[in-house]
Amino acid sequence: HPSLLGIHPLDEKYYSSEMIKCKDESKSFSRDRLNDNFCDCPDGTDEPGTSACPNGKFYCRNLGSKPQFIVSSHVNDHFCDCCDGSDEYDGTICCPNTCVMGGNAESTFRNCKSKASKNGVKSEESVHTGLKLVIILQVILVIFLVFLWSFRCRTRSRRRRYR
Amino acid sequence: WKKEEFRTCHQTPFCKRARSRAPGSSSLIATDVTISHGDLTAKLTPKHDSQSETKPLLLTLSVYQRGILRLKIDEDPSLSPPKKRFEVPDVIVSEFPSTKLWLPKISSVENGLSSSVYLSDGHSAVLRHDPFELFIRDDSSGDRVISLNSHDLFDFEQLKHKSEDDNWEEQFRSHTDRRPYGPQSISFDVSFYGADFVYGIPERAASLALKPTRGPNVDESEPYRLFNLDVFEYIHDSPFGLYGSIPFMVSHGKARGSSGFFWLNAAEMQIDVLAPGWDAESGIALPSHRIDTFWMSEAGVVDAFFFIGPNPKDVLRQYTAVTGTPAMPQLFSIAYHQCRWNYRDEEDVEHVDSKFDELDIPYDVLWLDIEHTDGKRYFTWDRALFPHPEEMQRKLASKGRHMVTIVDPHIKRDENFHLHKEASQKGYYVKDASGNDFDGWCWPGSSSYPDTLNPEIRSWWADKFSYQSYEGSTPSLYIWNDMNEPSVFNGPEVTMPRDVTHYGGVEHRELHNAYGYYFHMATANGLLKRGEGNDRPFVLSRALFAGSQRYGAVWTGDNTADWDHLRVSIPMVLTLGLTGMSFSGADIGGFFGNPEPELLVRWYQLGAYYPFFRAHAHHDTKRREPWLFGERNTELIKDAIHVRYALLPYFYTLFREANTTGVPVVRPLWMEFPSDEATFSNDETFMVGSSILVQGIYTERAKHASVYLPGKQSWYDLRTGAVYKGGVTHKLEVTEESIPAFQRAGTIIARKDRFRRSSTQMANDPYTLVVALNSSQAAEGELYIDDGSSFNFLQGGYIHRRFIFSNGKLTSIDLAPASSSKGRYPSDAFIERIILLGHAPSSKNALIEPSNQKVDIELGPLWVLRARAPAVTTIRRPNVRVAEDWTITVI
């Protein structure tokens, strides 16, 4: 679900009701305000997936590696913080998934053409688009790995024939 | 401080001679008054009865647009003086001469005793013939504005050929100045009429309003000294001159407003501000409401400019029409800078950088002092400590951050150092009295100094900043010029001997105060050249002179971790801004000594409002990064840095205003409230632009602060939104969380409430508008945006908006001219929040046009970054583009 971006799985239930309470109990907000790119809760409860709240935290799932929280100021800041690349979903920068390879996530790839949304507003829609891009990148990575494996197979075959 | 290393007036022969002269001692009259090439010209001739052997001097009076009068007085070249006196080149901007008005005629006044010329509508310049006097007169009232030589103190020591009897040598401590051309000083008096105070003539650690230095009831007997020096541990509240000199004085008074006087001369200057009644015995009758000043210079010519104001901002526009407006800085350079003498090595740099990330504290620039070099050879790296400088810079650049390295003017005399070898072979160093390369001591030991007066040498120096020449430099590296007064550890007064010679035979005594200026210029041109003219330079300089504002930033030098130094930093920064040098700041925390945590926190809170915001410390001090003083103090420092980052759009708009008008980013109160006498000598409170007022907390454990809020409109506390009445002094309770800061009612400020690692990363983030309503429920403000780094803004590549709130409607208006050779700066940035201060929370919605969209009005926090922020009326998610025309109506 796109509006669950940045949310820890254990918190998904917390965000399932129609009216959600800020964790600091300062106020409540309706579900349509979850990740709407405007900060309603001082503690960032309503914006786990965007940079709108300075005190917010973004959850990187980092499948294949260790999940982590990063500060909201690092979301879409053109610097790869999550090894799964999920923090840079606005598409301005490409962050390959380095989780399986155990690589250091802290790096920057600037080879992407800017893919900011046409209307420029970082709406829920563009969050979804960014996430799609991440998925596509991961698929490409998997294909690359398969190719690499098949190449090694061929090498082994050649050796066998020699013997 | 090491007072004995520096000269007093009494130990300075020209100053001593000049100060001993009594009013009425001048013996010159103006003769042969005529118009020549659009100027008034005359000869200044000794009276017939005088004993003087003085030859006639040539006087030229020119009038320029905007009400600028220029006076030049020099020796007559047809009378074969031994040498041409030095006129300071490359300070006056190239466009200035074309603004000269062609004077059609002279009007004779007072039965031929005076000559008068048109200066501007309503003002004339009058030259009185006998004795010589020049003044500017308001034609409608007949009142004087400024005058020169009203007290007949004018003296011009002409150059003479040396005779056998002459002994011109001067001694100071163990140093001898040969003075090959003998005495050549100039002095005169200048009066400012209707003035309550005079200001300017930086640089010193003293009050904004210049206190009298001579006359009745004056204890201080030292004049204000303008002589650029490397002053180690300067003290506060002293008229002694420090690292820079700008011989420009501004007067202000309730009766008449403001005026200015600028003497373009780079020799040592001493200036007296004379207390009322100083001339009681002279019998000279002048309007009593005025301030008299006495100007003395060791050498040079009279090249003086008079600015008639009448508003303080007019004086700045007039002055910067001559010396240029401040350069438009890159956005990163007005953000937070982290510095220390010295970050040890690449690992230390990486640690500091990652710690900022870990604690989520933004910063934009990390600085390296002299220890990064190989044996203090600038343009090199100590490869044992910094083996991969390019990679180090790229890692910072990947987060939008930059690095600054130091490049000083002293070049190590080492035959294996390519820079020295080349400079020596080409003859590019300044020469000593024997004609050899001058050898003086500085950080590298035996050193020589490039002669940056010479444009050819400046061009050579600029070439050294190319990526090929400066190995290890990258596009994200910028430069720091220190010690460019210049500092010479074994020289007289820790600087260069006065008989050292420069290009064209100019003696150092004639250009001393401008040496650092030319070095700064050459360095900035180097970055310009490196970037092929597409990247704005950033060069921080310690020395400065008139015109330095065109080349970068300055800082107030080697201050101390002391509450008095925190306090005096404000008049210092205000004085620099008032004399054109808008982009300045003091070392946060103090360069020398170790600040108590409370002092450090207060300094960050105040420094967040300096135009130049950098933390810096001496290598003997303890480490001072924000996280080293306990969790609470780290939070407070982080909050102060966040205030600066939130206000970056506002600061950037102010730098644009400075770039176009010369009006400084940070201003004395009286620049915004010119009729309010209570503001004239207040230098503990200041304005950031016309919308924000700030007063620091300058004492330890302060519980209260008395803050005078000028004007008839209210002020909103920047932190709480609380309303305070204008025109009243308020006693406020003080917390550790912030210093008193207010937004003026009737203003609109643009802010960014999302914080990143650096300002570069904030470029596309949304804006918050804070609309502070006045008693008519109206407000107005501006926002300027460009790419933050290139010169595309010169061809229209920018966004400039005005926001007006009136009758319940907020309107965005385009201020940029319709036709631009290049396209407008493309920005999709939008406004995410509009805060209405002083608005009754009765409305629930707002209507956006032309999109005809309705949005919610709710109570929201004044600051999203702060817990327990007060709730204020907020228009939620208007999401209108900053680049577009729109209106938002409260319904």
# chains A, B, ... in the order shown; residues from 1 in each chain; ligands from 1
call {"tool": "select_by_dssp", "arguments": {"residues": "segment 596-845 of chain B", "states": "helix (DSSP H, G or I)", "output": "PyMOL selection string"}}
result
chain B and resi 597-607+626-628+631-646+648-661+669-672+677-679+760-762+792-795
call {"tool": "interface_residues", "arguments": {"of": "chain A", "to": "chain B", "cutoff": "7 Å", "atoms": "only C-alpha atoms", "output": "list in words"}}
result
Phe38, Pro42, Ser51, Ala52, Cys53, Pro54, Asn55, Ser73, His74, Asp77, Phe79, Thr108 and Gly120 of chain A
call {"tool": "write_last_selection", "arguments": {"atoms": "all heavy atoms", "output": "tab-separated table (two decimals), in the first residue's frame"}}
result
chain	number	residue	atom	x	y	z
A	38	PHE	N	2.57	16.91	4.08
A	38	PHE	CA	2.40	18.08	4.95
A	38	PHE	C	2.47	17.61	6.38
A	38	PHE	O	1.85	16.61	6.74
A	38	PHE	CB	1.06	18.78	4.69
A	38	PHE	CG	0.90	20.04	5.50
A	38	PHE	CD1	1.35	21.25	5.01
A	38	PHE	CD2	0.31	20.01	6.76
A	38	PHE	CE1	1.22	22.42	5.76
A	38	PHE	CE2	0.18	21.17	7.51
A	38	PHE	CZ	0.63	22.38	7.01
A	42	PRO	N	3.79	17.18	15.29
A	42	PRO	CA	5.14	17.66	15.58
A	42	PRO	C	6.17	16.53	15.65
A	42	PRO	O	7.33	16.72	15.33
A	42	PRO	CB	5.00	18.34	16.94
A	42	PRO	CG	3.55	18.70	17.04
A	42	PRO	CD	2.81	17.63	16.30
A	51	SER	N	9.68	13.84	3.83
A	51	SER	CA	10.60	14.70	4.58
A	51	SER	C	9.87	15.86	5.24
A	51	SER	O	10.49	16.78	5.75
A	51	SER	CB	11.66	15.26	3.63
A	51	SER	OG	11.03	16.00	2.59
A	52	ALA	N	8.55	15.84	5.24
A	52	ALA	CA	7.78	17.01	5.67
A	52	ALA	C	7.98	17.37	7.14
A	52	ALA	O	7.92	18.54	7.50
A	52	ALA	CB	6.29	16.79	5.39
A	53	CYS	N	8.18	16.35	8.00
A	53	CYS	CA	8.33	16.63	9.43
A	53	CYS	C	9.79	16.50	9.84
A	53	CYS	O	10.36	15.42	9.73
A	53	CYS	CB	7.51	15.66	10.27
A	53	CYS	SG	5.76	15.82	10.05
A	54	PRO	N	10.40	17.58	10.34
A	54	PRO	CA	11.81	17.49	10.73
A	54	PRO	C	12.09	16.40	11.76
A	54	PRO	O	13.19	15.87	11.81
A	54	PRO	CB	12.11	18.87	11.31
A	54	PRO	CG	11.12	19.78	10.67
A	54	PRO	CD	9.88	18.96	10.47
A	55	ASN	N	11.10	16.07	12.59
A	55	ASN	CA	11.33	15.06	13.62
A	55	ASN	C	10.90	13.66	13.21
A	55	ASN	O	10.89	12.75	14.04
A	55	ASN	CB	10.59	15.47	14.91
A	55	ASN	CG	11.13	16.78	15.47
A	55	ASN	OD1	12.34	16.95	15.54
A	55	ASN	ND2	10.24	17.68	15.83
A	73	SER	N	14.96	13.87	7.21
A	73	SER	CA	15.68	14.83	6.37
A	73	SER	C	16.50	14.13	5.29
A	73	SER	O	16.96	14.76	4.35
A	73	SER	CB	16.60	15.71	7.22
A	73	SER	OG	17.68	14.95	7.73
A	74	HIS	N	16.69	12.83	5.44
A	74	HIS	CA	17.45	12.09	4.44
A	74	HIS	C	16.56	11.47	3.36
A	74	HIS	O	17.06	10.80	2.46
A	74	HIS	CB	18.29	10.99	5.11
A	74	HIS	CG	19.39	11.55	5.98
A	74	HIS	ND1	20.20	10.76	6.77
A	74	HIS	CD2	19.81	12.83	6.17
A	74	HIS	CE1	21.07	11.54	7.42
A	74	HIS	NE2	20.85	12.78	7.07
A	77	ASP	N	16.81	13.23	-0.53
A	77	ASP	CA	17.82	14.29	-0.44
A	77	ASP	C	18.95	14.06	-1.43
A	77	ASP	O	20.02	14.64	-1.32
A	77	ASP	CB	18.37	14.40	0.98
A	77	ASP	CG	19.22	13.19	1.39
A	77	ASP	OD1	19.16	12.16	0.68
A	77	ASP	OD2	19.94	13.28	2.39
A	79	PHE	N	20.78	11.49	-1.89
A	79	PHE	CA	21.89	10.73	-1.33
A	79	PHE	C	21.31	9.40	-0.86
A	79	PHE	O	20.29	9.38	-0.17
A	79	PHE	CB	22.51	11.49	-0.16
A	79	PHE	CG	23.77	10.86	0.37
A	79	PHE	CD1	25.00	11.12	-0.23
A	79	PHE	CD2	23.74	9.99	1.46
A	79	PHE	CE1	26.16	10.53	0.25
A	79	PHE	CE2	24.90	9.41	1.94
A	79	PHE	CZ	26.12	9.68	1.33
A	108	THR	N	26.24	7.68	-3.91
A	108	THR	CA	25.38	8.49	-4.76
A	108	THR	C	25.59	8.10	-6.20
A	108	THR	O	26.71	7.93	-6.65
A	108	THR	CB	25.73	9.98	-4.61
A	108	THR	OG1	25.58	10.35	-3.26
A	108	THR	CG2	24.82	10.85	-5.45
A	120	GLY	N	5.38	18.34	-10.49
A	120	GLY	CA	6.36	18.80	-9.53
A	120	GLY	C	5.95	18.66	-8.08
A	120	GLY	O	6.78	18.72	-7.20
call {"tool": "select_by_dssp", "arguments": {"residues": "segment 325-373 of chain B", "states": "strand (DSSP E)", "output": "MDAnalysis selection string"}}
result
chainID B and resid 336:338 365:368
call {"tool": "residues_around", "arguments": {"residues": "Ser26 of chain B", "least_positions_apart": "4", "cutoff": "8 Å", "atoms": "only C-alpha atoms", "output": "ChimeraX atom specification"}}
result
/B:131,152-155
call {"tool": "write_last_selection", "arguments": {"atoms": "N, CA and C atoms", "output": "PDB file, in the first residue's frame"}}
result
ATOM      1  N   PRO B 131      39.527  81.993   2.812  1.00  0.00           N
ATOM      2  CA  PRO B 131      40.406  80.857   2.525  1.00  0.00           C
ATOM      3  C   PRO B 131      39.611  79.712   1.884  1.00  0.00           C
ATOM      4  N   ASP B 152      39.946  75.366   8.347  1.00  0.00           N
ATOM      5  CA  ASP B 152      41.260  75.716   7.795  1.00  0.00           C
ATOM      6  C   ASP B 152      42.375  74.834   8.345  1.00  0.00           C
ATOM      7  N   LEU B 153      42.129  73.540   8.384  1.00  0.00           N
ATOM      8  CA  LEU B 153      43.168  72.624   8.843  1.00  0.00           C
ATOM      9  C   LEU B 153      43.816  71.884   7.682  1.00  0.00           C
ATOM     10  N   PHE B 154      43.426  72.255   6.461  1.00  0.00           N
ATOM     11  CA  PHE B 154      43.956  71.551   5.292  1.00  0.00           C
ATOM     12  C   PHE B 154      45.463  71.713   5.206  1.00  0.00           C
ATOM     13  N   ASP B 155      46.154  70.589   5.014  1.00  0.00           N
ATOM     14  CA  ASP B 155      47.604  70.641   4.842  1.00  0.00           C
ATOM     15  C   ASP B 155      48.005  69.560   3.850  1.00  0.00           C
TER      16      ASP B 155
END
call {"tool": "residues_around", "arguments": {"residues": "Thr380 of chain B", "least_positions_apart": "3", "cutoff": "10 Å", "atoms": "only C-alpha atoms", "output": "PyMOL selection string"}}
result
chain B and resi 372-377+383+407+417+469-473
call {"tool": "atom_distance", "arguments": {"atom1": "atom CA of Trp627 of chain B", "atom2": "atom CA of Arg719 of chain B"}}
result
23.4 Å
call {"tool": "residues_around", "arguments": {"residues": "Asp562 of chain B", "least_positions_apart": "4", "cutoff": "12 Å", "atoms": "only C-alpha atoms", "output": "VMD selection string"}}
result
chain B and resid 233 to 236 566 to 569 587 to 600 602 to 603 698 to 700
